[in-house]
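Asks: One structure, pasted below without further comment.
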Amino acid sequence: MSRDRRGFLSCLVAGFAGSGLFVAAVRGQVPNPRAEPRPKDDLSQPPSPPTKSILKENEKDIKKNIEKLYQLASDLKAEVEKTDSSLVLSIAMVRKAEEIEKLAREIKTRAKG
């Protein structure tokens with residue numbers, strides 16, 4: 001009886017494995033309907049460099065964000081000095097650190113252009 005079970009199970013496993021391979025082979029042959037040819041970009045005109053007014057505005061935003069970053073970092077430093085962070089890690093400290101990280105990434109992105 002156990003021999004019959006083993007035979008049945010081995011046939012069942014082989015059948016599933018074969019059907020899985022068949023499905024994978026068929027799936028590989030079906031073209032992707034979302035893959036449409038993309039229109040070519042107009043390469044005759046190079047991208048225009050940013051104007052001086054945009055650069056000046058960008059510089060003002062960077063300076064404003066750096067001031068805000070400095071203030072946030074100072075606040076976080078004061079809060080860390082006030083509490084024993086080895087025993088308690090306040091949620092406010094974590095949120096402030098996340099805000100500092102987000103602002104620093106924004107400054108970095110703007111500085112790159």
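Labels for the structure tokens follow display order: chains A, B, ..., residues from 1 in each chain, ligands from 1.
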Could you pull the residues within 12 Å of Lys63 in chain A, counting only C-alpha atoms, minus those fewer than 2 positions along the same chain, as a list in words?

Replies: Lys56, Glu57, Asn58, Glu59, Lys60, Asp61, Asn65, Ile66, Glu67, Lys68, Leu69, Tyr70, Leu103, Ala104, Glu106, Ile107, Lys108, Arg110 and Ala111 of chain A

Asks: Measure the distance from CA of Ala97 in chain A to CA of Leu76 in chain A in Å and round it to one decimal.

Replies: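 Separating CA of Ala97 in chain A from CA of Leu76 in chain A is a distance of 7.3 Å.
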
Asks: Mind giving me the straight-line distance from CA of Ile100 in chain A to CA of Ser53 in chain A in Å, one decimal?

Replies: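 Distance between the two atoms: 27.7 Å.
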
Asks: Rounded to one decimal in Å, what is the spacing between CA of Lys77 in chain A and CA of Lys102 in chain A?

Replies: 17.2 Å

Asks: For Met93 in chain A, list every protein, DNA or RNA residue within 8 Å, evaluated using only C-alpha atoms, and leave out those in the same chain fewer than 2 positions away; present the list as a ChimeraX atom specification.

Replies: /A:76,79-80,89-91,95-97
